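Enquirer: Provided herewith: upload33.tsv, TSV, C-alpha atoms.
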chain	number	residue	atom	x	y	z
A	16	MET	CA	-62.99	-51.35	-5.26
A	17	THR	CA	-66.46	-52.75	-5.99
A	18	ILE	CA	-68.20	-55.07	-3.56
A	19	GLN	CA	-68.15	-57.87	-6.13
A	20	ARG	CA	-64.40	-57.62	-6.69
A	21	TYR	CA	-63.77	-57.48	-2.95
A	22	ALA	CA	-65.95	-60.56	-2.40
A	23	ILE	CA	-64.08	-62.48	-5.10
A	24	LEU	CA	-60.66	-61.54	-3.72
A	25	ILE	CA	-61.49	-62.23	-0.07
A	26	THR	CA	-63.11	-65.56	-0.98
A	27	GLY	CA	-60.07	-66.52	-3.02
A	28	LEU	CA	-57.81	-65.60	-0.11
A	29	ALA	CA	-59.91	-67.69	2.30
A	30	VAL	CA	-59.78	-70.68	-0.07
A	31	LEU	CA	-56.00	-70.30	-0.40
A	32	LEU	CA	-55.70	-70.20	3.40
A	33	ALA	CA	-57.76	-73.40	3.68
A	34	ILE	CA	-55.51	-75.13	1.15
A	35	VAL	CA	-52.36	-74.05	3.01
A	36	LEU	CA	-53.93	-75.22	6.27
A	37	VAL	CA	-54.45	-78.71	4.84
A	38	LEU	CA	-50.93	-78.78	3.41
A	39	SER	CA	-49.50	-77.59	6.75
A	40	LEU	CA	-51.15	-80.51	8.55
A	41	GLY	CA	-49.07	-82.83	6.37
A	42	VAL	CA	-45.74	-81.09	7.08
A	43	GLY	CA	-43.44	-82.46	9.76
A	44	ALA	CA	-41.12	-85.28	10.74
A	45	VAL	CA	-43.68	-87.66	9.23
A	46	ALA	CA	-44.92	-86.26	5.91
A	47	ILE	CA	-48.55	-86.97	5.08
A	48	PRO	CA	-49.91	-86.41	1.54
A	49	PRO	CA	-52.89	-84.01	1.21
A	50	GLU	CA	-55.34	-86.78	0.30
A	51	ARG	CA	-54.48	-88.67	3.50
A	52	VAL	CA	-54.78	-85.46	5.52
A	53	LEU	CA	-58.27	-84.93	4.13
A	54	ALA	CA	-59.16	-88.54	4.90
A	55	ALA	CA	-57.97	-88.10	8.51
A	56	LEU	CA	-59.93	-84.85	8.84
A	57	ALA	CA	-63.09	-86.56	7.61
A	58	ASP	CA	-62.66	-89.60	9.87
A	59	ARG	CA	-61.50	-88.50	13.31
A	60	GLN	CA	-62.43	-91.88	14.81
A	61	GLY	CA	-60.00	-93.65	12.51
A	62	LEU	CA	-62.62	-96.08	11.22
A	63	SER	CA	-61.43	-95.98	7.60
A	64	ALA	CA	-58.40	-93.61	7.63
A	65	PRO	CA	-55.11	-94.95	9.06
A	66	ARG	CA	-55.13	-94.51	12.82
A	67	THR	CA	-51.58	-93.10	12.78
A	68	ASP	CA	-52.62	-90.35	10.36
A	69	VAL	CA	-55.58	-89.43	12.56
A	70	ILE	CA	-53.40	-89.16	15.67
A	71	ILE	CA	-50.77	-87.04	13.90
A	72	VAL	CA	-53.30	-84.72	12.26
A	73	TRP	CA	-55.73	-84.26	15.14
A	74	ASP	CA	-53.63	-84.73	18.26
A	75	LEU	CA	-50.21	-83.43	17.21
A	76	ARG	CA	-50.66	-80.87	14.42
A	77	MET	CA	-54.18	-79.47	14.26
A	78	ALA	CA	-54.01	-77.28	17.39
A	79	ARG	CA	-50.54	-76.00	16.49
A	80	THR	CA	-51.59	-75.15	12.94
A	81	LEU	CA	-54.78	-73.39	14.01
A	82	LEU	CA	-52.88	-71.48	16.70
A	83	ALA	CA	-50.28	-70.30	14.17
A	84	GLY	CA	-53.08	-69.07	11.93
A	85	CYS	CA	-54.84	-67.27	14.79
A	86	VAL	CA	-51.63	-65.61	15.99
A	87	GLY	CA	-50.78	-64.50	12.45
A	88	ALA	CA	-54.27	-63.05	12.01
A	89	GLY	CA	-54.06	-61.22	15.33
A	90	LEU	CA	-50.62	-59.71	14.68
A	91	ALA	CA	-51.63	-58.62	11.17
A	92	ALA	CA	-54.86	-56.96	12.29
A	93	ALA	CA	-53.04	-55.20	15.14
A	94	GLY	CA	-50.41	-54.06	12.65
A	95	ALA	CA	-53.06	-52.59	10.36
A	96	ALA	CA	-54.58	-50.77	13.35
A	97	PHE	CA	-51.27	-49.31	14.54
A	98	GLN	CA	-50.26	-48.25	11.02
A	99	GLY	CA	-53.61	-46.51	10.63
A	100	LEU	CA	-53.39	-44.87	14.06
A	101	PHE	CA	-49.82	-43.61	13.63
A	102	ARG	CA	-50.16	-42.99	9.87
A	103	ASN	CA	-46.77	-44.68	9.66
A	104	PRO	CA	-46.03	-47.54	7.23
A	105	LEU	CA	-43.33	-48.89	9.56
A	106	ALA	CA	-45.52	-49.23	12.64
A	107	ASP	CA	-46.12	-52.75	13.91
A	108	PRO	CA	-47.88	-54.37	16.91
A	109	PHE	CA	-44.83	-53.95	19.13
A	110	VAL	CA	-44.42	-50.21	18.60
A	111	VAL	CA	-45.98	-49.31	21.98
A	112	GLY	CA	-43.83	-51.61	24.10
A	113	ALA	CA	-45.99	-54.73	23.91
A	114	SER	CA	-43.13	-57.07	23.01
A	115	GLY	CA	-40.81	-55.66	25.67
A	116	GLY	CA	-43.41	-56.11	28.38
A	117	ALA	CA	-44.19	-59.63	27.22
A	118	ALA	CA	-40.50	-60.53	27.12
A	119	LEU	CA	-39.92	-59.26	30.65
A	120	GLY	CA	-43.02	-61.04	31.99
A	121	ALA	CA	-42.08	-64.34	30.39
A	122	THR	CA	-38.45	-64.08	31.53
A	123	LEU	CA	-39.51	-63.42	35.12
A	124	ALA	CA	-41.92	-66.37	35.07
A	125	ILE	CA	-39.26	-68.73	33.68
A	126	THR	CA	-36.46	-67.69	36.02
A	127	ALA	CA	-38.74	-67.63	39.07
A	128	GLY	CA	-40.09	-71.11	38.31
A	129	LEU	CA	-43.71	-69.98	38.64
A	130	THR	CA	-46.39	-72.65	38.44
A	131	PHE	CA	-49.71	-70.79	38.80
A	132	THR	CA	-52.27	-70.49	36.01
A	133	GLY	CA	-54.99	-67.99	35.22
A	134	VAL	CA	-57.49	-66.99	32.51
A	135	GLY	CA	-56.61	-70.22	30.71
A	136	PHE	CA	-52.88	-69.50	30.44
A	137	GLY	CA	-49.93	-71.27	32.03
A	138	PRO	CA	-47.40	-69.23	34.04
A	139	VAL	CA	-45.15	-68.11	31.15
A	140	PRO	CA	-47.90	-67.13	28.67
A	141	LEU	CA	-49.89	-65.49	31.49
A	142	ALA	CA	-46.89	-63.47	32.64
A	143	ALA	CA	-46.23	-62.45	29.02
A	144	PHE	CA	-49.88	-61.45	28.56
A	145	VAL	CA	-49.95	-59.34	31.73
A	146	GLY	CA	-46.52	-57.84	31.04
A	147	SER	CA	-47.55	-56.80	27.55
A	148	LEU	CA	-50.73	-55.08	28.71
A	149	LEU	CA	-48.96	-53.36	31.64
A	150	ALA	CA	-46.21	-52.06	29.36
A	151	VAL	CA	-48.76	-50.56	26.98
A	152	ALA	CA	-50.62	-49.00	29.93
A	153	VAL	CA	-47.37	-47.39	31.18
A	154	VAL	CA	-46.53	-46.06	27.71
A	155	TYR	CA	-49.99	-44.62	27.34
A	156	ALA	CA	-49.89	-43.01	30.80
A	157	VAL	CA	-46.48	-41.45	30.11
A	158	ALA	CA	-47.51	-40.14	26.69
A	159	GLU	CA	-50.75	-38.58	27.90
A	160	VAL	CA	-50.61	-34.80	28.33
A	161	GLY	CA	-53.65	-32.89	29.50
A	162	GLY	CA	-56.07	-35.59	28.42
A	163	GLU	CA	-54.47	-35.79	24.97
A	164	VAL	CA	-52.14	-38.52	23.67
A	165	PRO	CA	-49.97	-37.16	20.84
A	166	VAL	CA	-48.94	-39.83	18.36
A	167	VAL	CA	-45.26	-38.79	18.44
A	168	ALA	CA	-45.21	-38.96	22.24
A	169	LEU	CA	-46.76	-42.43	22.13
A	170	LEU	CA	-44.09	-43.64	19.69
A	171	LEU	CA	-41.23	-42.16	21.69
A	172	ALA	CA	-42.53	-43.50	25.00
A	173	GLY	CA	-42.90	-46.95	23.46
A	174	ALA	CA	-39.34	-46.88	22.12
A	175	ALA	CA	-37.91	-45.69	25.44
A	176	LEU	CA	-39.77	-48.24	27.55
A	177	SER	CA	-38.88	-51.06	25.13
A	178	THR	CA	-35.20	-50.22	25.56
A	179	ILE	CA	-35.51	-50.25	29.36
A	180	LEU	CA	-37.41	-53.55	29.36
A	181	SER	CA	-34.90	-55.13	26.99
A	182	ALA	CA	-32.08	-54.14	29.34
A	183	LEU	CA	-33.94	-55.69	32.29
A	184	VAL	CA	-34.45	-58.93	30.35
A	185	SER	CA	-30.72	-59.04	29.57
A	186	LEU	CA	-29.86	-58.42	33.22
A	187	ILE	CA	-32.16	-61.19	34.46
A	188	MET	CA	-30.74	-63.61	31.90
A	189	LEU	CA	-27.20	-62.69	33.00
A	190	LEU	CA	-28.09	-63.46	36.62
A	191	ASN	CA	-29.92	-66.71	35.79
A	192	ASP	CA	-27.78	-68.48	33.22
A	193	ARG	CA	-29.31	-71.87	34.05
A	194	ASP	CA	-32.55	-70.74	32.39
A	195	LEU	CA	-30.92	-69.18	29.30
A	196	LEU	CA	-32.03	-71.88	26.85
A	197	GLU	CA	-35.69	-71.75	27.88
A	198	VAL	CA	-35.74	-67.94	27.84
A	199	PHE	CA	-34.02	-67.77	24.45
A	200	THR	CA	-36.41	-70.34	23.02
A	201	TRP	CA	-39.42	-68.32	24.11
A	202	LEU	CA	-37.98	-64.98	22.97
A	203	MET	CA	-37.30	-66.37	19.47
A	204	GLY	CA	-40.96	-67.35	19.09
A	205	GLY	CA	-42.49	-70.55	17.82
A	206	PHE	CA	-45.23	-73.13	18.19
A	207	SER	CA	-43.27	-76.24	19.11
A	208	GLY	CA	-45.15	-78.20	21.77
A	209	ARG	CA	-48.31	-76.09	21.46
A	210	SER	CA	-51.53	-78.06	21.86
A	211	TRP	CA	-55.28	-77.64	22.33
A	212	PRO	CA	-55.09	-75.95	25.78
A	213	HIS	CA	-52.88	-73.22	24.29
A	214	LEU	CA	-55.37	-72.68	21.48
A	215	TRP	CA	-58.40	-72.55	23.80
A	216	ALA	CA	-56.59	-70.12	26.12
A	217	SER	CA	-55.56	-67.66	23.40
A	218	ALA	CA	-58.31	-67.87	20.78
A	219	PRO	CA	-61.04	-65.99	22.74
A	220	TYR	CA	-58.78	-62.98	23.40
A	221	LEU	CA	-57.57	-62.95	19.79
A	222	LEU	CA	-61.15	-63.12	18.53
A	223	VAL	CA	-62.34	-60.31	20.82
A	224	GLY	CA	-59.38	-58.15	19.78
A	225	LEU	CA	-59.93	-58.83	16.08
A	226	VAL	CA	-63.63	-57.96	16.25
A	227	ALA	CA	-62.91	-54.82	18.29
A	228	ILE	CA	-60.30	-53.63	15.76
A	229	TRP	CA	-62.73	-54.23	12.90
A	230	LEU	CA	-65.47	-52.29	14.70
A	231	LEU	CA	-63.05	-49.36	14.96
A	232	SER	CA	-62.63	-49.21	11.17
A	233	ARG	CA	-64.41	-45.87	10.80
A	234	PRO	CA	-62.28	-44.05	13.40
A	235	LEU	CA	-59.17	-45.50	11.74
A	236	ASP	CA	-60.36	-44.24	8.34
A	237	ALA	CA	-60.98	-40.78	9.81
A	238	LEU	CA	-57.54	-40.68	11.46
A	239	ALA	CA	-55.92	-41.62	8.15
A	240	PHE	CA	-56.84	-38.14	6.85
A	241	GLY	CA	-55.12	-36.40	9.77
A	242	GLU	CA	-56.16	-35.38	13.25
A	243	GLU	CA	-57.64	-32.02	12.22
A	244	THR	CA	-59.84	-33.64	9.59
A	245	ALA	CA	-60.88	-36.39	12.01
A	246	GLN	CA	-61.80	-33.79	14.63
A	247	SER	CA	-63.79	-31.77	12.10
A	248	LEU	CA	-65.76	-34.95	11.36
A	249	GLY	CA	-66.74	-35.12	15.03
A	250	LEU	CA	-64.35	-37.90	16.08
A	251	PRO	CA	-63.36	-37.73	19.77
A	252	LEU	CA	-59.61	-38.17	19.27
A	253	THR	CA	-58.54	-39.26	22.75
A	254	ARG	CA	-61.34	-41.80	23.12
A	255	ALA	CA	-60.79	-43.17	19.62
A	256	ARG	CA	-57.02	-43.51	20.12
A	257	SER	CA	-57.53	-45.16	23.50
A	258	LEU	CA	-59.92	-47.74	22.09
A	259	ILE	CA	-57.66	-48.51	19.11
A	260	VAL	CA	-54.58	-48.93	21.31
A	261	ALA	CA	-56.52	-51.08	23.80
A	262	ALA	CA	-57.95	-53.40	21.10
A	263	ALA	CA	-54.66	-53.75	19.21
A	264	SER	CA	-52.68	-54.24	22.42
A	265	LEU	CA	-55.04	-56.94	23.70
A	266	THR	CA	-54.69	-58.77	20.39
A	267	THR	CA	-50.90	-58.42	20.43
A	268	ALA	CA	-50.66	-59.56	24.05
A	269	ALA	CA	-52.71	-62.69	23.34
A	270	ALA	CA	-50.63	-63.45	20.23
A	271	VAL	CA	-47.34	-63.00	22.08
A	272	ALA	CA	-48.55	-65.11	25.00
A	273	ALA	CA	-49.38	-67.92	22.58
A	274	GLY	CA	-46.33	-67.85	20.28
A	275	GLY	CA	-43.60	-65.74	21.86
A	276	ILE	CA	-41.96	-62.81	20.11
A	277	ILE	CA	-42.72	-63.08	16.38
A	278	GLY	CA	-41.80	-60.00	14.41
A	279	PHE	CA	-42.69	-58.50	11.02
A	280	VAL	CA	-46.01	-60.35	10.45
A	281	GLY	CA	-47.85	-57.21	11.54
A	282	LEU	CA	-45.70	-55.18	9.17
A	283	ILE	CA	-45.84	-57.27	5.99
A	284	ALA	CA	-49.45	-58.48	5.93
A	285	PRO	CA	-51.18	-55.05	6.11
A	286	HIS	CA	-49.00	-53.74	3.27
A	287	ALA	CA	-49.82	-56.70	1.07
A	288	ALA	CA	-53.51	-56.29	1.95
A	289	ARG	CA	-53.46	-52.59	0.95
A	290	LEU	CA	-52.06	-53.48	-2.45
A	291	LEU	CA	-54.89	-55.95	-3.03
A	292	PHE	CA	-57.84	-54.42	-1.18
A	293	GLY	CA	-57.18	-50.70	-0.77
A	294	SER	CA	-56.87	-48.67	2.42
A	295	ALA	CA	-60.46	-48.67	3.74
A	296	HIS	CA	-60.08	-50.39	7.11
A	297	ARG	CA	-63.46	-52.14	6.97
A	298	ARG	CA	-61.99	-54.26	4.16
A	299	LEU	CA	-58.32	-53.93	5.04
A	300	ILE	CA	-58.52	-55.50	8.50
A	301	PRO	CA	-60.19	-58.81	7.47
A	302	ALA	CA	-57.82	-59.04	4.50
A	303	SER	CA	-54.81	-58.35	6.72
A	304	ALA	CA	-55.95	-61.03	9.16
A	305	LEU	CA	-56.26	-63.64	6.41
A	306	LEU	CA	-52.88	-62.71	4.91
A	307	GLY	CA	-51.26	-62.72	8.36
A	308	ALA	CA	-52.62	-66.20	9.05
A	309	LEU	CA	-51.38	-67.37	5.65
A	310	LEU	CA	-47.93	-65.84	6.18
A	311	LEU	CA	-47.40	-67.34	9.62
A	312	LEU	CA	-48.63	-70.77	8.52
A	313	LEU	CA	-46.07	-70.75	5.72
A	314	ALA	CA	-43.36	-69.50	8.08
A	315	ASP	CA	-44.22	-72.29	10.54
A	316	ASP	CA	-44.00	-74.84	7.72
A	317	LEU	CA	-40.56	-73.50	6.83
A	318	SER	CA	-39.48	-73.65	10.47
A	319	ARG	CA	-40.24	-77.37	10.50
A	320	THR	CA	-38.58	-78.21	7.19
A	321	LEU	CA	-35.61	-75.84	6.68
A	322	LEU	CA	-33.18	-77.80	8.89
A	323	ALA	CA	-35.24	-80.94	9.56
A	324	PRO	CA	-35.20	-82.78	11.89
A	325	VAL	CA	-34.11	-79.64	13.81
A	326	GLU	CA	-36.94	-77.12	14.15
A	327	VAL	CA	-35.98	-73.49	13.55
A	328	PRO	CA	-37.87	-71.00	15.78
A	329	VAL	CA	-40.52	-69.34	13.63
A	330	GLY	CA	-39.43	-65.91	14.87
A	331	ILE	CA	-36.12	-66.42	13.05
A	332	VAL	CA	-37.97	-67.30	9.84
A	333	THR	CA	-40.22	-64.23	10.00
A	334	ALA	CA	-37.21	-62.03	10.78
A	335	LEU	CA	-35.33	-63.36	7.73
A	336	LEU	CA	-38.41	-62.69	5.58
A	337	GLY	CA	-39.47	-59.43	7.17
A	338	GLY	CA	-36.08	-57.77	7.68
A	339	PRO	CA	-35.40	-57.20	3.96
A	340	PHE	CA	-39.01	-56.07	3.50
A	341	PHE	CA	-38.57	-53.51	6.32
A	342	LEU	CA	-35.39	-52.17	4.68
A	343	TYR	CA	-37.22	-51.95	1.36
A	344	LEU	CA	-40.02	-49.93	2.96
A	345	LEU	CA	-37.50	-47.70	4.71
A	346	LYS	CA	-35.80	-46.97	1.39
A	347	THR	CA	-38.94	-46.44	-0.69
A	348	ARG	CA	-41.04	-44.53	1.87
A	349	GLN	CA	-38.47	-41.95	2.99
A	350	LYS	CA	-40.69	-39.02	2.01
A	351	GLU	CA	-43.53	-40.31	4.19
A	352	LEU	CA	-41.08	-40.76	7.05
A	353	GLY	CA	-39.60	-37.30	6.72
A	354	GLY	CA	-36.54	-38.41	4.86
A	355	GLY	CA	-36.78	-35.87	2.01
Spit out the file's structure as structure tokens when you get a sec.
Expert:
Amino acid sequence: MTIQRYAILITGLAVLLAIVLVLSLGVGAVAIPPERVLAALADRQGLSAPRTDVIIVWDLRMARTLLAGCVGAGLAAAGAAFQGLFRNPLADPFVVGASGGAALGATLAITAGLTFTGVGFGPVPLAAFVGSLLAVAVVYAVAEVGGEVPVVALLLAGAALSTILSALVSLIMLLNDRDLLEVFTWLMGGFSGRSWPHLWASAPYLLVGLVAIWLLSRPLDALAFGEETAQSLGLPLTRARSLIVAAASLTTAAAVAAGGIIGFVGLIAPHAARLLFGSAHRRLIPASALLGALLLLLADDLSRTLLAPVEVPVGIVTALLGGPFFLYLLKTRQKELGGG
């Protein structure tokens, strides 16, 4: 792909994302036409735009919409990184136990009634953030053998730990049925009630993770050709894998802390980006981030309108969209997955 074509496509994608962002600000219990949304955006003081529109756009919807976009971008970039690292089209940000650790951390915080805060997060998001990172650290420590971390061992350790953590979450929920609704709501994912503090708490970690993943584009490109080829090019495999897992896990942990468990965004967006932009990670990762933001914004819009006035958790929407796509990939990529 030429630089000019890439620039045109990425600019077009950014413009489309901006349009969807404006439209998303008008979606909700009170629908606001795009022209009034733009007027409210241009006049935050409410001097000429209707004061009600300004309050709805800036105080009630802007932070939620931006957070959904940031979380989608983070999950998509992490998905592209994990798919490149594992050379597996079905890998996603939760493949190394990140979601299981986050779920356990959040469940413990909810059932224990914790009230402390730290690094900008409230008790539940903070516990999810820490749980996600700890789970990934355990998986990595278990998979490491003699200073090396085989990809297959990493995948198997992630699957095993995720199963254990899921069982613990179920046990805690069984013993604390009074908190079932709150735990279920968080586990299904969504942005209801999210505001500016949630955005300010999560955005820095998501940004750091995104930049780190993008800076690791060359190691990801080298790993795409196989470990032997990457090693012959002078790539220190263990160090490169460690950095990729750390960057993608940080991004995933911040995304999960902000929005709960939201699946399939990190699976769908990188595939769509490859079709449009190719497989070079220097271009793939920004494209994946933009597509992930776009996808989650649209999913959040659907969550608010499908059964209005009832809000459907966005994790259910992404599962309904992503599940069939996963099955399609499983059917069409069997040779890559060892299926014949």
Enquirer: Near A:Ser257, within 12 Å and counting only C-alpha atoms, which residues show up once chain neighbours fewer than 3 positions away are dropped, as a PyMOL selection string?
Expert: chain A and resi 96-97+100+151-152+154-156+158-159+162-166+169+228+231+234-235+251-254+260-264
Enquirer: Deliver the residues from the most recent selection as a file, using C-alpha atoms, as a PDB file, in the coordinates of the input.
Expert:
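Written out: again18.pdb:
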ATOM      1  CA  ALA A  96     -54.580 -50.770  13.350  1.00  0.00           C
ATOM      2  CA  PHE A  97     -51.270 -49.310  14.540  1.00  0.00           C
ATOM      3  CA  LEU A 100     -53.390 -44.870  14.060  1.00  0.00           C
ATOM      4  CA  VAL A 151     -48.760 -50.560  26.980  1.00  0.00           C
ATOM      5  CA  ALA A 152     -50.620 -49.000  29.930  1.00  0.00           C
ATOM      6  CA  VAL A 154     -46.530 -46.060  27.710  1.00  0.00           C
ATOM      7  CA  TYR A 155     -49.990 -44.620  27.340  1.00  0.00           C
ATOM      8  CA  ALA A 156     -49.890 -43.010  30.800  1.00  0.00           C
ATOM      9  CA  ALA A 158     -47.510 -40.140  26.690  1.00  0.00           C
ATOM     10  CA  GLU A 159     -50.750 -38.580  27.900  1.00  0.00           C
ATOM     11  CA  GLY A 162     -56.070 -35.590  28.420  1.00  0.00           C
ATOM     12  CA  GLU A 163     -54.470 -35.790  24.970  1.00  0.00           C
ATOM     13  CA  VAL A 164     -52.140 -38.520  23.670  1.00  0.00           C
ATOM     14  CA  PRO A 165     -49.970 -37.160  20.840  1.00  0.00           C
ATOM     15  CA  VAL A 166     -48.940 -39.830  18.360  1.00  0.00           C
ATOM     16  CA  LEU A 169     -46.760 -42.430  22.130  1.00  0.00           C
ATOM     17  CA  ILE A 228     -60.300 -53.630  15.760  1.00  0.00           C
ATOM     18  CA  LEU A 231     -63.050 -49.360  14.960  1.00  0.00           C
ATOM     19  CA  PRO A 234     -62.280 -44.050  13.400  1.00  0.00           C
ATOM     20  CA  LEU A 235     -59.170 -45.500  11.740  1.00  0.00           C
ATOM     21  CA  PRO A 251     -63.360 -37.730  19.770  1.00  0.00           C
ATOM     22  CA  LEU A 252     -59.610 -38.170  19.270  1.00  0.00           C
ATOM     23  CA  THR A 253     -58.540 -39.260  22.750  1.00  0.00           C
ATOM     24  CA  ARG A 254     -61.340 -41.800  23.120  1.00  0.00           C
ATOM     25  CA  VAL A 260     -54.580 -48.930  21.310  1.00  0.00           C
ATOM     26  CA  ALA A 261     -56.520 -51.080  23.800  1.00  0.00           C
ATOM     27  CA  ALA A 262     -57.950 -53.400  21.100  1.00  0.00           C
ATOM     28  CA  ALA A 263     -54.660 -53.750  19.210  1.00  0.00           C
ATOM     29  CA  SER A 264     -52.680 -54.240  22.420  1.00  0.00           C
TER      30      SER A 264
END
Enquirer: Give me the stretch 154-270 of chain A side of the contact with stretch 325-346 of chain A, cut-off 8 Å, one line per residue showing its nearest atom pair and distance in Å at one decimal, counting only C-alpha atoms, sorted by chain and residue number, as a tab-separated table.
Expert:
residue	atom	partner	partner_atom	distance
A:Thr200	CA	A:Pro328	CA	7.4
A:Met203	CA	A:Gly330	CA	5.1
A:Gly204	CA	A:Gly330	CA	4.7
A:Gly205	CA	A:Val329	CA	4.8
A:Phe206	CA	A:Val329	CA	7.6
Enquirer: I'd like the interatomic distance between atom CA of A:Gln19 and atom CA of A:Pro104, to a tenth of an Å.
Expert: 27.8 Å
Enquirer: Name the closest residue to A:Ile300 among the candidates A:Leu230, A:Val37, A:Val69, A:Leu312; distances are taken between atoms, counting all atoms listed in the file.
Expert: A:Leu230
Enquirer: Atom CA of A:Cys85 and atom CA of A:Arg51, how far apart in Å?
Expert: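 So the two atoms, atom CA of A:Arg51 and atom CA of A:Cys85, lie 24.2 Å apart.
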Enquirer: Quick one: of A:Ile71, A:Ala272, A:Leu129, A:Leu81, who's nearest to A:Gly116, counting all atoms listed in the file?
Expert: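 Checking each of A:Ile71, A:Ala272, A:Leu129, A:Leu81 against A:Gly116, counting all atoms listed in the file, the winner is A:Ala272.
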Enquirer: Can you work out which one of A:Ile259, A:Ala268, A:Ala29, A:Thr244 has the shortest atom-to-atom distance to A:Gly112, counting all atoms listed in the file?
Expert: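 Of all the options, A:Ala268 lies closest to A:Gly112.
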Enquirer: Counting only C-alpha atoms, figure out which residue out of A:Trp229, A:Phe279, A:Trp215, A:Trp73 gets nearest to A:Ala57.
Expert: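 Using only C-alpha atoms, the shortest distance to A:Ala57 belongs to A:Trp73.
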Enquirer: Quick check, in Å to one decimal: how far apart do atom CA of A:Arg209 and atom CA of A:Ala270 lie?
Expert: 12.9 Å
Enquirer: Counting all atoms listed in the file, which residues come within 12 Å of (-49.6, -52.6, -0.3), with the point read in the file's coordinates, and could you list them as a list of chain:residue names?
Expert: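 Within 12 Å of (-49.6, -52.6, -0.3), the protein and nucleic acid residues are A:Ala95, A:Pro104, A:Leu282, A:Ile283, A:Ala284, A:Pro285, A:His286, A:Ala287, A:Ala288, A:Arg289, A:Leu290, A:Leu291, A:Phe292, A:Gly293, A:Ser294, A:Leu299, A:Ala302, A:Ser303, A:Leu306, A:Phe340, A:Leu344, A:Arg348.
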Enquirer: Taking all atoms listed in the file into account, which of A:Ala93, A:Ala308, A:Met16, A:Val157 comes nearest A:Ala295?
Expert: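 Checking each candidate against A:Ala295, we get A:Met16 as the closest.
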Enquirer: Here is a test: counting all atoms listed in the file, which residue of A:Leu221, A:Ala150, A:Leu90, A:Leu195 is nearest to A:Ile277?
Expert: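 Counting all atoms listed in the file, the residue closest to A:Ile277 is A:Leu90.
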Enquirer: If I put a ball of radius 9 Å at (-41.3, -60.1, 18.8) in the file's coordinates, which residues poke into it when counting all atoms listed in the file, written as a PyMOL selection string?
Expert: chain A and resi 108-109+113-115+117-118+202-204+271+275-279+330
Enquirer: Pick out the residues sitting within 10 Å of A:Arg193, and hand them over as a PyMOL selection string; count all atoms listed in the file, and ignore anything fewer than 5 positions along from it in its own chain.
Expert: chain A and resi 126+188+198
Enquirer: Quick one: what's the axis-aligned box for stretch 248-253 of chain A, all listed atoms, 6 Å on every side, centre and edges in Å to one decimal, as JSON?
Expert:
{"center_x": -62.6, "center_y": -37.1, "center_z": 17.1, "size_x": 20.2, "size_y": 16.3, "size_z": 23.4}
Enquirer: Tell me, as JSON, numbers by chain, which residues lie within 12 Å of A:Leu186, counting only C-alpha atoms; anything in the same chain fewer than 4 positions away does not count.
Expert: {"A": [119, 122, 123, 126, 179, 180, 181, 182, 190, 191, 192, 195]}
Enquirer: What would the file look like if the residues just selected were written as a JSON list (two decimals), in the coordinates of the input with C-alpha atoms?
Expert:
[["chain", "number", "residue", "atom", "x", "y", "z"],
["A", 119, "LEU", "CA", -39.92, -59.26, 30.65],
["A", 122, "THR", "CA", -38.45, -64.08, 31.53],
["A", 123, "LEU", "CA", -39.51, -63.42, 35.12],
["A", 126, "THR", "CA", -36.46, -67.69, 36.02],
["A", 179, "ILE", "CA", -35.51, -50.25, 29.36],
["A", 180, "LEU", "CA", -37.41, -53.55, 29.36],
["A", 181, "SER", "CA", -34.90, -55.13, 26.99],
["A", 182, "ALA", "CA", -32.08, -54.14, 29.34],
["A", 190, "LEU", "CA", -28.09, -63.46, 36.62],
["A", 191, "ASN", "CA", -29.92, -66.71, 35.79],
["A", 192, "ASP", "CA", -27.78, -68.48, 33.22],
["A", 195, "LEU", "CA", -30.92, -69.18, 29.30]]
Enquirer: Rebuild stretch 44-52 of chain A to N, CA and C atoms - output it as a short mmCIF file (atom, residue, chain, number, x, y, z; two decimals), keeping the file's coordinate frame, please.
Expert:
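So the final result, stored in out-v3.cif, reads:
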data_model
loop_
_atom_site.label_atom_id
_atom_site.label_comp_id
_atom_site.auth_asym_id
_atom_site.auth_seq_id
_atom_site.Cartn_x
_atom_site.Cartn_y
_atom_site.Cartn_z
N ALA A 44 -42.06 -84.16 10.75
CA ALA A 44 -41.12 -85.28 10.74
C ALA A 44 -41.67 -86.45 9.94
N VAL A 45 -43.00 -86.64 10.04
CA VAL A 45 -43.68 -87.66 9.23
C VAL A 45 -44.55 -86.93 8.21
N ALA A 46 -44.15 -86.95 6.95
CA ALA A 46 -44.92 -86.26 5.91
C ALA A 46 -46.17 -87.05 5.54
N ILE A 47 -47.28 -86.33 5.44
CA ILE A 47 -48.55 -86.97 5.08
C ILE A 47 -49.10 -86.29 3.84
N PRO A 48 -49.37 -87.02 2.77
CA PRO A 48 -49.91 -86.41 1.54
C PRO A 48 -51.27 -85.76 1.80
N PRO A 49 -51.62 -84.73 1.01
CA PRO A 49 -52.89 -84.01 1.21
C PRO A 49 -54.12 -84.90 1.23
N GLU A 50 -54.15 -85.93 0.35
CA GLU A 50 -55.34 -86.78 0.30
C GLU A 50 -55.51 -87.57 1.61
N ARG A 51 -54.39 -87.96 2.22
CA ARG A 51 -54.48 -88.67 3.50
C ARG A 51 -54.84 -87.71 4.64
N VAL A 52 -54.38 -86.47 4.53
CA VAL A 52 -54.78 -85.46 5.52
C VAL A 52 -56.29 -85.26 5.48
#
